[in-house]
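Source file work39.csv; content: CSV, C-alpha atoms.
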```
chain,number,residue,atom,x,y,z
A,250,MET,CA,2.4,-20.2,4.7
A,251,ASN,CA,1.3,-17.2,2.6
A,252,HIS,CA,-0.1,-14.5,4.9
A,253,ALA,CA,-0.6,-11.9,2.2
A,254,THR,CA,-4.0,-10.3,2.1
A,255,PRO,CA,-6.4,-11.8,-0.5
A,256,LEU,CA,-7.1,-9.3,-3.3
A,257,LEU,CA,-10.4,-8.6,-5.2
A,258,LEU,CA,-10.0,-6.8,-8.6
A,259,LEU,CA,-12.8,-5.2,-10.5
A,260,PRO,CA,-12.6,-4.3,-14.3
A,261,GLY,CA,-14.1,-1.2,-15.8
A,262,LEU,CA,-16.5,-0.4,-18.7
A,263,MET,CA,-15.9,-2.8,-21.7
A,264,ASN,CA,-13.1,-4.5,-19.8
A,265,ASP,CA,-12.5,-8.1,-18.8
A,266,ALA,CA,-9.9,-9.6,-16.5
A,267,ARG,CA,-7.1,-8.6,-18.9
A,268,ILE,CA,-7.3,-5.0,-17.7
A,269,TRP,CA,-5.5,-6.2,-14.6
A,270,ASN,CA,-2.8,-8.4,-16.3
A,271,PRO,CA,0.0,-6.0,-15.6
A,272,LEU,CA,-0.7,-6.4,-11.8
A,273,THR,CA,-1.6,-10.1,-11.7
A,274,THR,CA,1.5,-11.0,-13.7
A,275,ALA,CA,3.7,-8.9,-11.3
A,276,ILE,CA,2.3,-10.5,-8.2
A,277,ALA,CA,1.6,-14.0,-9.5
A,278,GLY,CA,1.8,-16.6,-6.7
A,279,GLU,CA,2.1,-14.0,-3.9
A,280,ARG,CA,-1.5,-13.9,-2.7
A,281,THR,CA,-5.0,-15.1,-3.6
A,282,VAL,CA,-6.4,-12.9,-6.4
A,283,HIS,CA,-9.9,-12.9,-7.8
A,284,VAL,CA,-11.0,-10.8,-10.7
A,285,ALA,CA,-14.8,-10.4,-10.6
A,286,PRO,CA,-16.8,-9.4,-13.7
A,287,THR,CA,-18.7,-6.1,-13.8
A,288,HIS,CA,-20.8,-6.8,-16.9
A,289,LEU,CA,-23.3,-9.4,-15.6
A,290,HIS,CA,-25.7,-7.1,-13.6
A,291,ASP,CA,-27.3,-3.7,-14.3
A,292,ARG,CA,-26.9,-2.6,-10.7
A,293,VAL,CA,-23.6,-1.8,-8.9
A,294,ALA,CA,-25.0,-3.3,-5.7
A,295,GLU,CA,-25.5,-6.7,-7.4
A,296,SER,CA,-22.1,-6.8,-8.9
A,297,ALA,CA,-20.6,-6.0,-5.5
A,298,ARG,CA,-22.6,-8.7,-3.8
A,299,ASP,CA,-21.4,-11.4,-6.2
A,300,ALA,CA,-17.8,-10.2,-6.0
A,301,ILE,CA,-17.9,-10.4,-2.2
A,302,ALA,CA,-19.4,-13.8,-2.2
A,303,ALA,CA,-16.5,-15.1,-4.4
A,304,MET,CA,-13.8,-14.1,-1.8
A,305,PRO,CA,-12.5,-16.4,0.9
A,306,ALA,CA,-13.7,-15.8,4.5
A,307,GLY,CA,-12.1,-13.0,6.4
A,308,ALA,CA,-10.4,-9.7,5.4
A,309,PHE,CA,-9.5,-8.8,1.8
A,310,ALA,CA,-8.3,-5.8,-0.2
A,311,VAL,CA,-10.3,-4.5,-3.2
A,312,ALA,CA,-9.3,-2.5,-6.1
A,313,GLY,CA,-11.5,-1.2,-8.9
A,314,PHE,CA,-10.7,0.5,-12.3
A,315,SER,CA,-13.2,3.0,-13.7
A,316,LEU,CA,-16.7,1.4,-13.4
A,317,GLY,CA,-15.0,-1.2,-11.2
A,318,GLY,CA,-14.1,1.7,-8.9
A,319,TYR,CA,-17.8,2.3,-8.3
A,320,VAL,CA,-18.3,-1.4,-7.5
A,321,ALA,CA,-15.3,-1.4,-5.2
A,322,GLN,CA,-16.8,1.5,-3.2
A,323,GLU,CA,-20.0,-0.5,-2.9
A,324,VAL,CA,-18.0,-3.5,-1.8
A,325,CYS,CA,-16.8,-1.3,1.0
A,326,ARG,CA,-20.3,-0.3,1.9
A,327,GLN,CA,-21.5,-3.9,2.0
A,328,ALA,CA,-18.5,-5.8,3.4
A,329,GLY,CA,-17.8,-3.4,6.3
A,330,SER,CA,-15.0,-4.6,8.5
A,331,ARG,CA,-13.7,-7.2,6.1
A,332,ILE,CA,-12.1,-4.5,4.0
A,333,ALA,CA,-8.3,-4.4,4.5
A,334,GLY,CA,-7.5,-2.0,1.7
A,335,LEU,CA,-9.0,0.0,-1.1
A,336,GLY,CA,-7.6,0.9,-4.5
A,337,LEU,CA,-9.3,3.3,-6.8
A,338,LEU,CA,-8.0,3.7,-10.4
A,339,ASP,CA,-9.3,6.3,-12.8
A,340,THR,CA,-12.7,6.6,-11.2
A,341,GLY,CA,-14.8,8.9,-9.0
A,342,ALA,CA,-17.1,9.1,-6.1
A,343,ARG,CA,-19.9,11.3,-7.5
A,344,ALA,CA,-23.1,10.0,-9.0
A,345,ASP,CA,-23.8,10.7,-12.7
A,346,THR,CA,-25.1,14.1,-13.5
A,347,GLU,CA,-28.4,14.3,-15.6
A,348,ASP,CA,-26.3,15.2,-18.7
A,349,ALA,CA,-24.0,12.2,-18.2
A,350,LYS,CA,-27.1,9.9,-17.8
A,351,GLN,CA,-28.5,11.3,-21.1
A,352,VAL,CA,-25.2,10.5,-22.8
A,353,ARG,CA,-25.2,6.9,-21.5
A,354,GLN,CA,-28.8,6.5,-22.5
A,355,ARG,CA,-28.0,7.6,-26.1
A,356,MET,CA,-25.2,5.0,-26.2
A,357,ILE,CA,-27.6,2.3,-24.9
A,358,GLN,CA,-30.1,3.3,-27.6
A,359,ALA,CA,-27.4,3.1,-30.3
A,360,VAL,CA,-26.4,-0.4,-29.2
A,361,GLU,CA,-30.0,-1.6,-28.9
A,362,GLY,CA,-30.8,-0.4,-32.4
A,363,ALA,CA,-32.6,-2.3,-35.1
A,364,GLU,CA,-32.4,-6.1,-35.1
A,365,GLY,CA,-29.3,-7.2,-36.9
A,366,ALA,CA,-27.5,-3.9,-36.6
A,367,ALA,CA,-26.7,-4.0,-32.9
A,368,THR,CA,-23.4,-5.9,-33.2
A,369,ALA,CA,-22.0,-3.6,-35.9
A,370,THR,CA,-23.1,-0.5,-34.0
A,371,PHE,CA,-21.4,-1.8,-30.8
A,372,GLY,CA,-18.2,-2.5,-32.7
A,373,GLN,CA,-18.2,1.0,-34.1
A,374,LEU,CA,-18.9,2.5,-30.7
A,375,ALA,CA,-16.1,0.5,-29.1
A,376,GLN,CA,-13.6,1.6,-31.7
A,377,GLY,CA,-14.7,5.2,-31.4
A,378,PHE,CA,-13.8,5.2,-27.7
A,379,ALA,CA,-10.1,5.0,-28.3
A,380,ALA,CA,-9.5,8.7,-28.9
A,381,ARG,CA,-11.1,9.5,-25.6
A,382,ILE,CA,-9.7,6.9,-23.3
A,383,VAL,CA,-6.0,6.7,-24.2
A,384,HIS,CA,-3.3,9.4,-24.3
A,385,ALA,CA,-2.6,11.0,-27.7
A,386,SER,CA,0.8,9.4,-27.8
A,387,ARG,CA,-0.8,5.9,-27.7
A,388,LEU,CA,-3.3,6.3,-30.5
A,389,GLN,CA,-1.0,4.4,-32.9
A,390,ASP,CA,-0.3,1.6,-30.5
A,391,ARG,CA,-2.1,-1.3,-32.3
A,392,ASP,CA,-1.4,-3.8,-29.6
A,393,LEU,CA,-3.1,-1.6,-27.0
A,394,LEU,CA,-6.0,-0.7,-29.2
A,395,ASN,CA,-6.6,-4.3,-30.3
A,396,LEU,CA,-6.6,-5.4,-26.7
A,397,LEU,CA,-9.2,-2.7,-25.8
A,398,PHE,CA,-11.4,-3.7,-28.7
A,399,ASP,CA,-11.1,-7.4,-27.9
A,400,MET,CA,-12.0,-6.9,-24.3
A,401,ALA,CA,-15.0,-4.8,-25.4
A,402,SER,CA,-16.0,-7.7,-27.8
A,403,THR,CA,-15.8,-10.2,-24.9
A,404,VAL,CA,-18.1,-8.0,-22.7
A,405,GLY,CA,-20.4,-7.7,-25.7
A,406,SER,CA,-23.3,-5.3,-26.4
A,407,GLN,CA,-25.6,-6.6,-23.7
A,408,GLY,CA,-22.8,-6.6,-21.1
A,409,PHE,CA,-22.1,-3.0,-22.2
A,410,VAL,CA,-25.7,-2.0,-21.8
A,411,ARG,CA,-25.8,-3.5,-18.3
A,412,GLN,CA,-22.7,-1.7,-17.3
A,413,GLN,CA,-24.0,1.6,-18.6
A,414,ARG,CA,-27.3,1.2,-16.6
A,415,ALA,CA,-25.3,0.3,-13.5
A,416,ALA,CA,-23.2,3.4,-13.8
A,417,MET,CA,-26.3,5.6,-14.4
A,418,ASP,CA,-27.9,4.4,-11.2
A,419,ARG,CA,-24.9,4.3,-8.9
A,420,ALA,CA,-25.0,6.1,-5.6
A,421,ASP,CA,-22.8,9.1,-4.6
A,422,THR,CA,-20.2,7.7,-2.3
A,423,ARG,CA,-18.7,10.8,-0.9
A,424,ASP,CA,-20.4,10.2,2.4
A,425,LEU,CA,-18.8,6.7,2.6
A,426,LEU,CA,-15.1,7.6,1.9
A,427,PRO,CA,-14.4,9.4,5.2
A,428,ARG,CA,-15.3,6.1,7.0
A,429,VAL,CA,-12.9,3.9,5.1
A,430,HIS,CA,-10.1,3.7,7.6
A,431,VAL,CA,-7.8,1.4,5.7
A,432,PRO,CA,-4.7,1.9,3.5
A,433,THR,CA,-6.0,3.4,0.2
A,434,LEU,CA,-4.5,4.2,-3.2
A,435,VAL,CA,-6.0,6.6,-5.6
A,436,VAL,CA,-4.5,6.5,-9.1
A,437,CYS,CA,-5.4,8.6,-12.2
A,438,GLY,CA,-3.9,9.3,-15.6
A,439,ARG,CA,-2.9,12.9,-15.7
A,440,GLU,CA,-4.8,13.4,-19.0
A,441,ASP,CA,-7.8,11.2,-18.2
A,442,GLN,CA,-10.8,12.7,-20.1
A,443,ILE,CA,-13.4,10.3,-18.7
A,444,THR,CA,-12.8,10.6,-15.0
A,445,PRO,CA,-10.6,13.7,-14.7
A,446,PHE,CA,-7.8,14.0,-12.1
A,447,SER,CA,-9.8,16.4,-10.1
A,448,LEU,CA,-12.2,13.6,-9.2
A,449,SER,CA,-9.2,11.6,-7.8
A,450,GLN,CA,-8.1,14.6,-5.9
A,451,GLU,CA,-11.5,14.9,-4.3
A,452,MET,CA,-11.6,11.2,-3.3
A,453,ALA,CA,-8.1,11.3,-1.8
A,454,SER,CA,-9.1,14.4,0.2
A,455,LEU,CA,-12.0,12.5,1.7
A,456,LEU,CA,-10.2,9.3,2.5
A,457,PRO,CA,-8.4,9.1,5.9
A,458,ASP,CA,-5.4,7.1,4.7
A,459,ALA,CA,-4.9,7.8,1.0
A,460,GLU,CA,-1.9,8.0,-1.4
A,461,LEU,CA,-2.7,9.9,-4.5
A,462,VAL,CA,-0.7,9.1,-7.7
A,463,ALA,CA,-1.0,11.0,-10.9
A,464,VAL,CA,0.3,9.0,-13.9
A,465,ALA,CA,2.2,11.1,-16.5
A,466,GLU,CA,1.5,10.6,-20.2
A,467,ALA,CA,-1.6,8.5,-19.5
A,468,GLY,CA,-5.3,8.9,-20.2
A,469,HIS,CA,-8.1,6.9,-18.8
A,470,MET,CA,-6.4,3.5,-19.3
A,471,SER,CA,-3.5,4.3,-17.1
A,472,ILE,CA,-2.8,0.7,-16.0
A,473,LEU,CA,-2.4,-0.4,-19.7
A,474,GLU,CA,-0.7,2.9,-20.9
A,475,GLN,CA,1.9,3.2,-18.1
A,476,PRO,CA,1.9,-0.3,-16.5
A,477,ALA,CA,5.2,0.0,-14.7
A,478,ALA,CA,4.2,3.2,-12.9
A,479,VAL,CA,0.8,1.9,-11.9
A,480,VAL,CA,1.9,-1.5,-10.9
A,481,ALA,CA,4.7,0.0,-8.7
A,482,ALA,CA,2.0,2.1,-6.9
A,483,LEU,CA,-0.2,-0.9,-6.5
A,484,VAL,CA,2.6,-3.1,-5.1
A,485,ARG,CA,3.5,-0.3,-2.7
A,486,TRP,CA,-0.1,-0.1,-1.6
A,487,LEU,CA,-0.4,-3.9,-1.1
A,488,GLY,CA,2.7,-3.7,1.1
A,489,ARG,CA,0.9,-1.1,3.3
A,490,VAL,CA,-2.2,-3.3,3.4
A,491,ASP,CA,-0.3,-6.4,4.5
A,492,GLY,CA,1.6,-4.4,7.1
A,493,ALA,CA,-1.6,-2.8,8.5
A,494,ALA,CA,-3.3,-6.2,8.6
A,495,THR,CA,-0.4,-7.7,10.5
A,496,CYS,CA,-0.3,-4.9,13.0
A,497,ARG,CA,-4.1,-5.2,13.5
A,498,ALA,CA,-3.9,-8.9,14.0
A,499,ASP,CA,-1.2,-8.6,16.6
A,500,SER,CA,-3.0,-5.8,18.4
A,501,MET,CA,-6.3,-7.8,18.5
A,502,SER,CA,-4.4,-10.9,19.7
A,503,SER,CA,-2.7,-9.1,22.5
A,504,ALA,CA,-5.9,-7.2,23.6
A,505,ALA,CA,-8.1,-10.3,23.2
A,506,VAL,CA,-10.8,-8.3,21.5
A,507,GLY,CA,-13.3,-9.2,18.8
A,508,PRO,CA,-13.3,-7.9,15.2
A,509,ASP,CA,-14.3,-4.3,14.5
A,510,GLN,CA,-17.8,-3.6,13.6
A,511,PRO,CA,-18.6,-2.5,10.0
A,512,PHE,CA,-17.7,1.1,9.3
A,513,VAL,CA,-21.0,1.7,7.5
```
Would you put the structure from the file into structure tokens?
Amino acid sequence: MNHATPLLLLPGLMNDARIWNPLTTAIAGERTVHVAPTHLHDRVAESARDAIAAMPAGAFAVAGFSLGGYVAQEVCRQAGSRIAGLGLLDTGARADTEDAKQVRQRMIQAVEGAEGAATATFGQLAQGFAARIVHASRLQDRDLLNLLFDMASTVGSQGFVRQQRAAMDRADTRDLLPRVHVPTLVVCGREDQITPFSLSQEMASLLPDAELVAVAEAGHMSILEQPAAVVAALVRWLGRVDGAATCRADSMSSAAVGPDQPFV
């Protein structure tokens, strides 16, 4: 019988399930894995609600990349004691600044331009992201760039708009993180321009049981730019999650106590 902890994975902005392919390929058959979309709602709380509902009963681990990291933290807020582990990749805990909200609003306005122009505008916008989201050494990697553009096309212009609105309205979660007493992994590309490494350092400092991993020669798309390093960190984290879950189950059995109350 497979006793590995079920895993919920959450993609980032303009990403579909393929953002997690390096990990899901590496752990195929080892545990129940569900990749929940993050482009169907314009509120982080709604994406978190749907993601939780898709998981089997009981405890599970959750990992989110970029925008998915915001949703993962909200999953922790909503799911309480069901959370067995938390993974945060190239993301942050702070709410958007007013300047950041204005930038997002301008992108939304560009995508929602004149009728008939939106698709072309979105395609141009998606292609223009490359220089900001990958390390300079990967700007000629056509396979990587084509994957990024294809994922963006799958999410589509309206999915992109919903994601931007969700990010704009997200809550600051720095009050939540000190109460997340589960094995946690914080990963960030060393040259991430979107969510700089300092944000990962801040999250790791707030979390009670966090491993912080800086990925060399990687920008924002660390899991695709340096998959071996990121997957190794994620597999190590899942081992900690499974070990902690086993110890907790043994302790609860011997003490004959009920489950913990939610930590929020």
For the interface of region 415-493 of chain A with region 273-285 of chain A (cut-off 10 Å, counting only C-alpha atoms), please tabulate each contacting residue of region 415-493 of chain A alongside its nearest pair of atoms and their separation in Å to one decimal, rows sorted by chain and increasing number, as a Markdown table.
```
| residue | atom | partner | partner_atom | distance |
| --- | --- | --- | --- | --- |
| A:Ala477 | CA | A:Ala275 | CA | 9.6 |
| A:Val480 | CA | A:Ala275 | CA | 7.6 |
| A:Ala481 | CA | A:Ala275 | CA | 9.3 |
| A:Val484 | CA | A:Ile276 | CA | 8.0 |
```
Out of A:Leu258, A:Ala453, A:Ile472, A:Leu425, which residue has the shortest atom-to-atom distance to Arg326 (chain A) when counting all atoms listed in the file?
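Comparing A:Leu258, A:Ala453, A:Ile472, A:Leu425 against Arg326 (chain A), the winner is A:Leu425.
Omitting Asp299 (chain A) and its sequence neighbours fewer than 2 positions away, and counting only C-alpha atoms, the residues within 12 Å are Leu257, Leu259, His283, Val284, Ala285, Pro286, Thr287, His288, Leu289, His290, Arg292, Val293, Ala294, Glu295, Ser296, Ala297, Ile301, Ala302, Ala303, Met304, Val320, Ala321, Glu323, Val324, Gln327 and Ala328 of chain A.
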Would you kindly return, as a ChimeraX atom specification, each protein, DNA or RNA residue with an atom no farther than 7 Å from any atom of Thr422 (chain A), considering all atoms listed in the file and excluding same-chain residues fewer than 4 positions away?
/A:342-343,426
State, in Å with one decimal place, the distance from CA of Ala467 (chain A) to CA of Gly334 (chain A).
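Going from CA of Ala467 (chain A) over to CA of Gly334 (chain A), I get 24.4 Å.
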Pick from A:Thr340, A:Gln389, A:Ser402, A:Gln351, whichever lies nearest to Gln450 (chain A) using all atoms listed in the file:
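Nearest candidate to Gln450 (chain A) out of A:Thr340, A:Gln389, A:Ser402, A:Gln351: A:Thr340.
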So, with all atoms listed in the file as the atoms that count, which of A:Thr433, A:Asn264, A:Ser406, A:Gln475 lies closest to Leu456 (chain A)?
A:Thr433
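Between CA of Ser454 (chain A) and CA of Thr254 (chain A) the separation is 25.3 Å.
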At what distance in Å, to one decimal, does CA of Glu347 (chain A) lie from CA of Gly318 (chain A)?
20.2 Å
Residues within 6 Å of Leu448 (chain A), all atoms listed in the file, excluding chain neighbours under 3 positions, as a ChimeraX atom specification
/A:341,445,451
Neighbouring residues of Thr403 (chain A) were defined as those with any atom within 12 Å, considering all atoms listed in the file; residues of the same chain fewer than 6 positions away were excluded. Please report them as a tab-separated table (two decimals) with C-alpha atoms, keeping the file's coordinate frame.
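Result file result17.tsv:
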```
chain	number	residue	atom	x	y	z
A	262	LEU	CA	-16.50	-0.40	-18.70
A	263	MET	CA	-15.90	-2.80	-21.70
A	264	ASN	CA	-13.10	-4.50	-19.80
A	265	ASP	CA	-12.50	-8.10	-18.80
A	266	ALA	CA	-9.90	-9.60	-16.50
A	267	ARG	CA	-7.10	-8.60	-18.90
A	286	PRO	CA	-16.80	-9.40	-13.70
A	288	HIS	CA	-20.80	-6.80	-16.90
A	289	LEU	CA	-23.30	-9.40	-15.60
A	371	PHE	CA	-21.40	-1.80	-30.80
A	372	GLY	CA	-18.20	-2.50	-32.70
A	375	ALA	CA	-16.10	0.50	-29.10
A	396	LEU	CA	-6.60	-5.40	-26.70
A	397	LEU	CA	-9.20	-2.70	-25.80
A	409	PHE	CA	-22.10	-3.00	-22.20
```
Contacts of Gly492 (chain A) at 12 Å (all atoms listed in the file; same-chain gap of 6+ positions) as a ChimeraX atom specification:
/A:252-254,333-334,431-432,485-486,498-499
Just the selected residues (C-alpha atoms), exported as a PDB file, in the frame of the given file, please.
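Saved as again.pdb:
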```
ATOM      1  CA  HIS A 252      -0.100 -14.500   4.900  1.00  0.00           C
ATOM      2  CA  ALA A 253      -0.600 -11.900   2.200  1.00  0.00           C
ATOM      3  CA  THR A 254      -4.000 -10.300   2.100  1.00  0.00           C
ATOM      4  CA  ALA A 333      -8.300  -4.400   4.500  1.00  0.00           C
ATOM      5  CA  GLY A 334      -7.500  -2.000   1.700  1.00  0.00           C
ATOM      6  CA  VAL A 431      -7.800   1.400   5.700  1.00  0.00           C
ATOM      7  CA  PRO A 432      -4.700   1.900   3.500  1.00  0.00           C
ATOM      8  CA  ARG A 485       3.500  -0.300  -2.700  1.00  0.00           C
ATOM      9  CA  TRP A 486      -0.100  -0.100  -1.600  1.00  0.00           C
ATOM     10  CA  ALA A 498      -3.900  -8.900  14.000  1.00  0.00           C
ATOM     11  CA  ASP A 499      -1.200  -8.600  16.600  1.00  0.00           C
TER      12      ASP A 499
END
```
The residue from A:Leu388, A:Leu483, A:Val410, A:Leu461 with the smallest atom-to-atom distance to Val311 (chain A), counting all atoms listed in the file, is A:Leu483
